[in-house]
Amino acid sequence: MNREAKEIAEKLKKSRKIAITSHIRPDGDSIGSGLALYLMLKKMGKEVRYVNKDIPQPPLTYFPHYDVIEFGDIYPQEFDVVVLIECSTEERSGQKNLDRYFRILIDHHLSNEEEVELNWVDPEESAVAIMIYELAFYLGVEIDKEIATLLYSGIVSDTGGFRFTNVNSKAFKVSAELVEKGADPVKVNRLLFENYTPEKVKLISKVLGTLETFLDDKVAFITMHKKFLDELNLKDVETEDIVTIVRSIRKVKIVAFLKENDDGSYRVSLRSRDNADSSKIAEKFGGGGHLHAAGFYSNKKIHTIKQILLKEFEKLDL
Ligand SMILES: [Mn+2]
């Protein structure tokens with residue numbers, strides 16, 4: 001028995017008007033989970049709206065029922081309850097004035113117990129989609145083909161196709177059940193990983209062209225200059241896949257991905273593996289994150305950022 005899931009289900013059953021929201025710069029797990037929950041609540045006859053702050057990047061825009069997502073603020077509409085999907089804190093949703101509502105928070109990122117009305121955080125789970133799957137049981141909603149597809153997509157995207165360290169036997173078990181209920185692994189893989197435009201592949205080529213490795217190839221730097229996007233007529237593109245390629249270099253332990261912003265500042269994403277701690281480095285630059293994924297902003301010149309980073313990497317026991 002999952003006490004938290006049961007409590008959340010009881011509250012949702014009693015509610016009539018429900019808002020769902022997920023985190024800023026949304027990923028496949030938050031959108032898949034959000035849409036699945038939307039469909040589940042609709043099936044129960046609820047008045048549901050799924051309102052996000054940020055517009056997702058392709059391929060998330062190809063998810064079934066993507067069109068139901070609204071963009072903007074939840075307040076001032078009246079809702080009995082607001083469900084925050086994959087937001088370790090309310091702030092992560094980009095929404096304001098949510099303290100006026102009864103808030104339910106569902107996430108698998110470790111957080112300091114957020115002050116919300118109902119909180120269900122389980123860092124053991126590979127994806128929030130697995131938690132929403134469990135919630136469906138307590139809601140008494142039958143998982144149809146579309147819900148199964150969305151939840152399965154969430155698990156596949158968060159585990160990088162069952163390749164990342166967060167994958168566990170439960171992820172496989174739930175995925176198997178979702179496939180039994182109609183999720184098509186080939187179609188989902190195609191949607192998530194074989195959905196590039198020629199421009200995106202050209203961008204990958206440009207960014208990979210900037211690759212530099214240091215410290216016996218254990219450290220890699222890549223850069224996405226603003227002009228790369230301009231030349232290809234692209235705007236904020238999903239880039240996680242590019243880092244994944246670089247992190248797959250045999251010896252690489254840590255990748256620094258420097259993305260130039262419109263104003264010439266940089267957003268730096270750090271992706272690492274094994275014992276290389278990304279968050280420790282990001283914190284030194286005023287950012288944060290997890291062991292294997294962290295980031296920070298910097299107004300310094302690119303050359304300086306690289307120099308300081310390299311010094312920090314040298315201190316790590318790679
Ligand atoms: Mn997730």
# chains A, B, ... in the order shown; residues from 1 in each chain; ligands from 1
>>> residues_near_ligand(ligand="ligand 1", cutoff="7 Å", atoms="only C-alpha atoms and all ligand atoms", output="PDB file with N, CA and C atoms, in the first residue's frame")
ATOM      1  N   ASP A  29       9.595  13.239 -19.430  1.00  0.00           N
ATOM      2  CA  ASP A  29       8.918  12.648 -18.275  1.00  0.00           C
ATOM      3  C   ASP A  29       7.827  13.578 -17.757  1.00  0.00           C
ATOM      4  N   SER A  30       8.142  14.867 -17.652  1.00  0.00           N
ATOM      5  CA  SER A  30       7.135  15.784 -17.099  1.00  0.00           C
ATOM      6  C   SER A  30       5.949  15.949 -18.051  1.00  0.00           C
ATOM      7  N   GLU A  86       6.643  16.727 -11.265  1.00  0.00           N
ATOM      8  CA  GLU A  86       8.103  16.783 -11.348  1.00  0.00           C
ATOM      9  C   GLU A  86       8.661  18.155 -10.983  1.00  0.00           C
ATOM     10  N   HIS A 108      10.254  12.844  -8.345  1.00  0.00           N
ATOM     11  CA  HIS A 108      11.254  11.833  -7.984  1.00  0.00           C
ATOM     12  C   HIS A 108      12.636  12.454  -7.769  1.00  0.00           C
ATOM     13  N   ALA A 127      11.303   7.460 -12.942  1.00  0.00           N
ATOM     14  CA  ALA A 127      10.553   8.517 -13.625  1.00  0.00           C
ATOM     15  C   ALA A 127       9.285   8.823 -12.837  1.00  0.00           C
ATOM     16  N   VAL A 128       8.796  10.039 -12.983  1.00  0.00           N
ATOM     17  CA  VAL A 128       7.510  10.393 -12.370  1.00  0.00           C
ATOM     18  C   VAL A 128       6.400   9.568 -13.030  1.00  0.00           C
ATOM     19  N   ASP A 158      13.303   9.555 -19.545  1.00  0.00           N
ATOM     20  CA  ASP A 158      14.095   9.829 -18.334  1.00  0.00           C
ATOM     21  C   ASP A 158      15.241   8.841 -18.136  1.00  0.00           C
TER      22      ASP A 158
END
>>> residues_around(residues="Glu90 (chain A)", least_positions_apart="4", cutoff="12 Å", atoms="only C-alpha atoms", output="count of residues only")
29
>>> residues_around(residues="Ser175 (chain A)", least_positions_apart="4", cutoff="7 Å", atoms="only C-alpha atoms", output="PyMOL selection string")
chain A and resi 152+171+179
>>> select_by_dssp(residues="region 147-237 of chain A", states="strand (DSSP E or B)", output="VMD selection string")
chain A and resid 212 to 214 219 to 224
>>> residues_around(residues="His303 (chain A)", least_positions_apart="5", cutoff="12 Å", atoms="only C-alpha atoms", output="PDB file with all heavy atoms, in the first residue's frame")
ATOM      1  N   PHE A 221      34.844  19.511 -23.509  1.00  0.00           N
ATOM      2  CA  PHE A 221      34.115  20.771 -23.622  1.00  0.00           C
ATOM      3  C   PHE A 221      33.447  20.822 -24.989  1.00  0.00           C
ATOM      4  O   PHE A 221      34.085  20.493 -26.004  1.00  0.00           O
ATOM      5  CB  PHE A 221      35.072  21.968 -23.547  1.00  0.00           C
ATOM      6  CG  PHE A 221      35.613  22.252 -22.176  1.00  0.00           C
ATOM      7  CD1 PHE A 221      36.800  21.686 -21.743  1.00  0.00           C
ATOM      8  CD2 PHE A 221      34.931  23.105 -21.325  1.00  0.00           C
ATOM      9  CE1 PHE A 221      37.301  21.958 -20.488  1.00  0.00           C
ATOM     10  CE2 PHE A 221      35.431  23.388 -20.058  1.00  0.00           C
ATOM     11  CZ  PHE A 221      36.621  22.808 -19.630  1.00  0.00           C
ATOM     12  N   THR A 223      30.705  23.605 -27.241  1.00  0.00           N
ATOM     13  CA  THR A 223      30.098  24.938 -27.187  1.00  0.00           C
ATOM     14  C   THR A 223      29.030  25.078 -28.253  1.00  0.00           C
ATOM     15  O   THR A 223      29.201  24.623 -29.386  1.00  0.00           O
ATOM     16  CB  THR A 223      31.175  26.017 -27.426  1.00  0.00           C
ATOM     17  OG1 THR A 223      32.263  25.788 -26.526  1.00  0.00           O
ATOM     18  CG2 THR A 223      30.618  27.411 -27.199  1.00  0.00           C
ATOM     19  N   LEU A 258      28.806  24.464 -23.037  1.00  0.00           N
ATOM     20  CA  LEU A 258      28.628  25.908 -22.891  1.00  0.00           C
ATOM     21  C   LEU A 258      27.684  26.427 -23.959  1.00  0.00           C
ATOM     22  O   LEU A 258      27.968  26.315 -25.155  1.00  0.00           O
ATOM     23  CB  LEU A 258      29.980  26.622 -23.004  1.00  0.00           C
ATOM     24  CG  LEU A 258      31.004  26.290 -21.912  1.00  0.00           C
ATOM     25  CD1 LEU A 258      31.895  25.149 -22.332  1.00  0.00           C
ATOM     26  CD2 LEU A 258      31.840  27.523 -21.596  1.00  0.00           C
ATOM     27  N   TYR A 266      26.651  32.861 -20.699  1.00  0.00           N
ATOM     28  CA  TYR A 266      26.629  31.427 -20.995  1.00  0.00           C
ATOM     29  C   TYR A 266      25.837  30.639 -19.967  1.00  0.00           C
ATOM     30  O   TYR A 266      25.868  30.939 -18.769  1.00  0.00           O
ATOM     31  CB  TYR A 266      28.049  30.862 -21.056  1.00  0.00           C
ATOM     32  CG  TYR A 266      28.758  31.253 -22.324  1.00  0.00           C
ATOM     33  CD1 TYR A 266      29.452  32.457 -22.403  1.00  0.00           C
ATOM     34  CD2 TYR A 266      28.682  30.448 -23.457  1.00  0.00           C
ATOM     35  CE1 TYR A 266      30.075  32.840 -23.577  1.00  0.00           C
ATOM     36  CE2 TYR A 266      29.298  30.817 -24.640  1.00  0.00           C
ATOM     37  CZ  TYR A 266      29.997  32.021 -24.694  1.00  0.00           C
ATOM     38  OH  TYR A 266      30.589  32.401 -25.862  1.00  0.00           O
ATOM     39  N   SER A 298      26.928  32.028 -16.335  1.00  0.00           N
ATOM     40  CA  SER A 298      28.108  32.859 -16.137  1.00  0.00           C
ATOM     41  C   SER A 298      28.124  34.016 -17.130  1.00  0.00           C
ATOM     42  O   SER A 298      27.751  33.868 -18.292  1.00  0.00           O
ATOM     43  CB  SER A 298      29.380  32.030 -16.305  1.00  0.00           C
ATOM     44  OG  SER A 298      30.507  32.877 -16.172  1.00  0.00           O
ATOM     45  N   ILE A 308      38.702  28.379 -15.745  1.00  0.00           N
ATOM     46  CA  ILE A 308      38.345  28.125 -14.348  1.00  0.00           C
ATOM     47  C   ILE A 308      37.813  26.702 -14.187  1.00  0.00           C
ATOM     48  O   ILE A 308      38.153  25.992 -13.246  1.00  0.00           O
ATOM     49  CB  ILE A 308      37.281  29.142 -13.844  1.00  0.00           C
ATOM     50  CG1 ILE A 308      37.746  30.580 -14.068  1.00  0.00           C
ATOM     51  CG2 ILE A 308      36.991  28.924 -12.366  1.00  0.00           C
ATOM     52  CD1 ILE A 308      36.688  31.632 -13.759  1.00  0.00           C
ATOM     53  N   LEU A 309      36.979  26.289 -15.146  1.00  0.00           N
ATOM     54  CA  LEU A 309      36.412  24.932 -15.083  1.00  0.00           C
ATOM     55  C   LEU A 309      37.513  23.884 -15.098  1.00  0.00           C
ATOM     56  O   LEU A 309      37.506  22.940 -14.305  1.00  0.00           O
ATOM     57  CB  LEU A 309      35.468  24.701 -16.267  1.00  0.00           C
ATOM     58  CG  LEU A 309      33.999  25.079 -16.071  1.00  0.00           C
ATOM     59  CD1 LEU A 309      33.242  24.908 -17.371  1.00  0.00           C
ATOM     60  CD2 LEU A 309      33.347  24.243 -14.967  1.00  0.00           C
ATOM     61  N   LEU A 310      38.453  24.076 -16.008  1.00  0.00           N
ATOM     62  CA  LEU A 310      39.534  23.098 -16.138  1.00  0.00           C
ATOM     63  C   LEU A 310      40.322  22.976 -14.835  1.00  0.00           C
ATOM     64  O   LEU A 310      40.684  21.871 -14.413  1.00  0.00           O
ATOM     65  CB  LEU A 310      40.446  23.507 -17.302  1.00  0.00           C
ATOM     66  CG  LEU A 310      41.376  22.416 -17.838  1.00  0.00           C
ATOM     67  CD1 LEU A 310      40.584  21.170 -18.248  1.00  0.00           C
ATOM     68  CD2 LEU A 310      42.161  22.922 -19.036  1.00  0.00           C
TER      69      LEU A 310
END
>>> residues_around(residues="region 277-290 of chain A", least_positions_apart="2", cutoff="12 Å", atoms="only C-alpha atoms", output="PyMOL selection string")
chain A and resi 88+109-111+123+219+253-257+266-275+292-300+305+308-318
>>> atom_distance(atom1="CA of Arg190 (chain A)", atom2="CA of Glu125 (chain A)")
24.2 Å
>>> residues_around(residues="Val81 (chain A)", least_positions_apart="6", cutoff="7 Å", atoms="only C-alpha atoms", output="ChimeraX atom specification")
/A:15,17-19,101-103
>>> select_by_dssp(residues="region 7-252 of chain A", states="alpha helix (DSSP H)", output="VMD selection string")
chain A and resid 7 to 14 28 to 43 128 to 139 145 to 158 169 to 180 185 to 193 198 to 208 226 to 231 240 to 247
>>> closest_residue(among="A:Ile155, A:Val48, A:Val167, A:Leu39", to="Glu124 (chain A)", atoms="only C-alpha atoms")
A:Val167
>>> closest_residue(among="A:Asn189, A:Asp80, A:Asn52, A:Lys6", to="Val68 (chain A)", atoms="only C-alpha atoms")
A:Asn52
>>> closest_residue(among="A:Asn195, A:Ser153, A:Asn2, A:Thr165", to="Asp241 (chain A)", atoms="only C-alpha atoms")
A:Asn195
>>> atom_distance(atom1="CA of Gly34 (chain A)", atom2="CA of Phe63 (chain A)")
11.2 Å
>>> atom_distance(atom1="CA of Asp263 (chain A)", atom2="CA of His225 (chain A)")
11.7 Å
